[in-house]
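Visitor: The structure is given below, and queries will be raised subsequently.
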Amino acid sequence: MEVGLIGKPNVGKSTLFNALTLLNVPVGPYPFTTIDPNRGVSYVRFPCPHSEKGGPCTPGNSACEKGVRHVPVHLVDVAGLVPGAHAGKGKGNQFLDNLRQADGYLHVVDLSGSTTPEGVPAELGSYRPAEEVRFVEEELVLWVAGTLGRQWDKQARGWELSGAKLDEAIAGRLTGLGITIGHVQHALRDSPLDQTHPAKWKEEDLLRLSKELLKIARPRLVAANKADRSTEEQLTALKEELGELPLQPMSADMELLLRRATKAGLVSYQPGEKSFGLNDPEKLSAGQKKALGEVEAFLKRWGTTGVIESLESLVFQAMKQIVVFPVEDETKWTDKQGRMLPDAFLVPYGTTARQMAYRVHTDLGENFIRAIDGRTHRALGADHALSGGEVVRIVARR
Ligand SMILES: Nc1nc2c(ncn2[C@@H]2O[C@H](COP(=O)(O)OP(=O)(O)O)[C@@H](O)[C@H]2O)c(=O)[nH]1
Ligand SMILES: [Mg+2]
């Protein structure tokens, strides 16, 4: 599971990436850090069920802090997209290439409207963030359509003649973008297109289908950044113009400052909290006091920095991921080494017991017999769809 940070230049994507990947919870062996300048690991929070067994757990892949699991999410920070990116403007095609394997996008925009479409600083409020959303979305659609529509007429006539399955043929063109046959079938299901004569499809049909495919295969959430320099009216206006795309106001700068101050031991703060505590006010320099005062004023006005919420809304609501806990002993909720609830996995809503077995280990999937619910101890078949927070044991042939 990977989340891509997209948007035009200078909106705060890298600041957000740095804030989200900066170590802030005591972790086990898992590296909550930047893997390389563009890839890193962040986390989303989920209640750990360890107290049902009298806790504490022995987390392996995810830290547990005060009953909250921090489940890893991979992030990729991509350089800014400008109008014309799909055609290579501003190296846009290379940047889009980095997004191929991401499963969802946090679309960062400058809510304060103080950067041009090319990312050059401008007067506050001189640009509309909705326009930014529109052009970046359009670049994504044109990017998919560019791959889908390459020599369309010739290809589609070939499929018509050979009687090829349309969904397979389309998915075959889009595998490089991580778009699967399931996504294609979903998009075609509600489509008014004449599926027996794809050679008759026009450019606008391909654009509409690309848009639909993106909606299904790449859930997005708009992270309205620089809220510290924005007004309530700007937020309301953006909300109205966005339509169905979900939105979260935030300040990446404020979150980064808080995480750095926490790391330096100056403050006590947990991401997502409405306030922070000063550890030793005496020790703060005048500059630090001023900066933390600004953060405090921001939190009073907006509640939280909005940063971890943006990732969590994308992952849990837009991408419909759930957290499941695989165990090897369904009574004690432990693995073979006796560690309680070692792993917490993010899987798509609707994931079956067998699919989860594959996710833990290919052997487990191939030799799957049944699963056992850790709470009811009932046997679950291969097609049982897991629910959020479920603790399951997989039984497999050895
Ligand atoms: N006022 C304000 N500025 C921010 C915020 N987040 C980032 N910036 C600033 O925006 C500029 C561009 O940030 P950067 O992360 O490099 O943007 P990117 O090009 O999208 O990766 C920098 O000067 C940041 O300090 C924020 O929440 N508020
Ligand atoms: Mg950047």
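Lettering and numbering for the structure tokens are positional, with chains as A, B, ... in the shown order, residues counted from 1 in each chain, and ligands counted from 1 in the shown order.
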Could you list, as a PyMOL selection string, all the residues within 7 Å of ligand 2, counting only C-alpha atoms and all ligand atoms?
Guide: chain A and resi 9-10+12-14+77-80
Visitor: Could you list, as an MDAnalysis selection string, all protein and nucleic acid residues with an atom at most 10 Å from ligand 1, counting only C-alpha atoms and all ligand atoms?
Guide: chainID A and resid 5:19 77:81 108:112 114:115 119:121 224:230 249:257 305:307
Visitor: Which residues are close to Phe345 in chain A, i.e. within 12 Å by only C-alpha atoms, leaving aside same-chain residues fewer than 4 positions away? Reply as a ChimeraX atom specification.
Guide: /A:1,43-46,48,59-62,69-73,321-327,341,349,351,356-357,359-360,386,388-392
Visitor: With only C-alpha atoms as the counted atoms, please give the residues lying no more than 9 Å from Glu330 in chain A, apart from itself and same-chain residues fewer than 3 positions off, as a count of residues only.
Guide: 11
Visitor: Applying 10 Å and only C-alpha atoms, which residues near Gly172 in chain A remain after dropping the ones on its own chain fewer than 5 positions away? List them as a VMD selection string.
Guide: chain A and resid 148 166 to 167 179 to 181
Visitor: Could the residues in this selection be written to a file with all heavy atoms, as a compact mmCIF listing (two decimals), in the first residue's frame?
Guide:
```
# COMPACT_ATOMS: atom_id res chain seq x y z
N LEU A 148 -4.00 4.76 -22.46
CA LEU A 148 -5.17 4.00 -22.92
C LEU A 148 -5.39 4.17 -24.42
O LEU A 148 -5.68 3.22 -25.14
CB LEU A 148 -6.42 4.46 -22.15
CG LEU A 148 -7.76 3.87 -22.56
CD1 LEU A 148 -7.79 2.37 -22.28
CD2 LEU A 148 -8.91 4.56 -21.81
N LEU A 166 -13.00 -7.22 -24.10
CA LEU A 166 -12.67 -5.80 -24.01
C LEU A 166 -12.01 -5.45 -22.66
O LEU A 166 -11.03 -4.72 -22.63
CB LEU A 166 -13.95 -4.97 -24.21
CG LEU A 166 -13.73 -3.47 -24.26
CD1 LEU A 166 -12.85 -3.07 -25.43
CD2 LEU A 166 -15.07 -2.73 -24.34
N ASP A 167 -12.57 -6.00 -21.56
CA ASP A 167 -11.99 -5.65 -20.25
C ASP A 167 -10.55 -6.11 -20.14
O ASP A 167 -9.67 -5.38 -19.67
CB ASP A 167 -12.85 -6.19 -19.09
CG ASP A 167 -13.20 -7.65 -19.23
OD1 ASP A 167 -12.70 -8.30 -20.18
OD2 ASP A 167 -13.97 -8.16 -18.39
N ILE A 179 -3.38 -0.36 -12.98
CA ILE A 179 -4.84 -0.48 -13.10
C ILE A 179 -5.17 -1.93 -13.46
O ILE A 179 -4.60 -2.47 -14.41
CB ILE A 179 -5.40 0.54 -14.11
CG1 ILE A 179 -5.24 1.95 -13.51
CG2 ILE A 179 -6.87 0.25 -14.44
CD1 ILE A 179 -5.65 3.08 -14.41
N THR A 180 -6.04 -2.55 -12.68
CA THR A 180 -6.29 -3.98 -12.83
C THR A 180 -7.58 -4.25 -13.61
O THR A 180 -8.39 -3.34 -13.84
CB THR A 180 -6.47 -4.64 -11.45
OG1 THR A 180 -7.65 -4.08 -10.84
CG2 THR A 180 -5.27 -4.38 -10.55
N ILE A 181 -7.79 -5.53 -13.94
CA ILE A 181 -9.00 -5.91 -14.66
C ILE A 181 -10.24 -5.62 -13.81
O ILE A 181 -11.28 -5.22 -14.33
CB ILE A 181 -8.94 -7.38 -15.12
CG1 ILE A 181 -10.18 -7.72 -15.95
CG2 ILE A 181 -8.84 -8.35 -13.96
CD1 ILE A 181 -9.90 -8.64 -17.08
```
Visitor: Write out as number ranges by chain each polymer residue whose atoms come within 10 Å of range 191-205 of chain A, counting only C-alpha atoms; drop sequence neighbours fewer than 5 positions from it.
Guide: A: 145, 149, 152-160, 163, 165-167, 185-186, 210-212
Visitor: A:Gly90, A:Gly55, A:Gly40, A:Gly4: which is nearest Met340 in chain A, counting only C-alpha atoms?
Guide: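 The answer is A:Gly55, which sits nearest to Met340 in chain A.
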Visitor: How many Å lie between CA of Val144 in chain A and CA of Leu20 in chain A, rounded to one decimal?
Guide: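 It comes out at 28.1 Å.
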Visitor: Have a look at CA of Leu346 in chain A and CA of Met319 in chain A and let me know their distance in Å, one decimal.
Guide: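 These atoms are spaced 10.6 Å apart.
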Visitor: Name all residues at most 10 Å from Glu137 in chain A (count only C-alpha atoms; drop same-chain ones fewer than 3 positions away) and give them as a PyMOL selection string.
Guide: chain A and resi 6-7+107+131-134+140-143+211+214+220
Visitor: Could you give me the residues within range 115-359 of chain A that DSSP places in helix (DSSP H, G or I), as JSON, numbers by chain?
Guide: {"A": [129, 130, 131, 132, 133, 134, 135, 136, 137, 138, 139, 140, 141, 142, 143, 144, 145, 146, 147, 148, 152, 153, 154, 155, 156, 157, 158, 159, 160, 161, 162, 166, 167, 168, 169, 170, 171, 172, 173, 174, 175, 176, 177, 181, 182, 183, 184, 185, 186, 187, 188, 189, 198, 199, 200, 203, 204, 205, 206, 207, 208, 209, 210, 211, 212, 213, 214, 215, 216, 217, 227, 228, 229, 232, 233, 234, 235, 236, 237, 238, 239, 240, 241, 242, 252, 253, 254, 255, 256, 257, 258, 259, 260, 261, 262, 263, 281, 282, 283, 286, 287, 288, 289, 290, 291, 292, 293, 294, 295, 296, 297, 298, 299, 300, 301, 302, 307, 308, 309, 310, 311, 312, 313, 314, 315, 316, 317, 318, 353, 354, 355, 356, 357, 358, 359]}
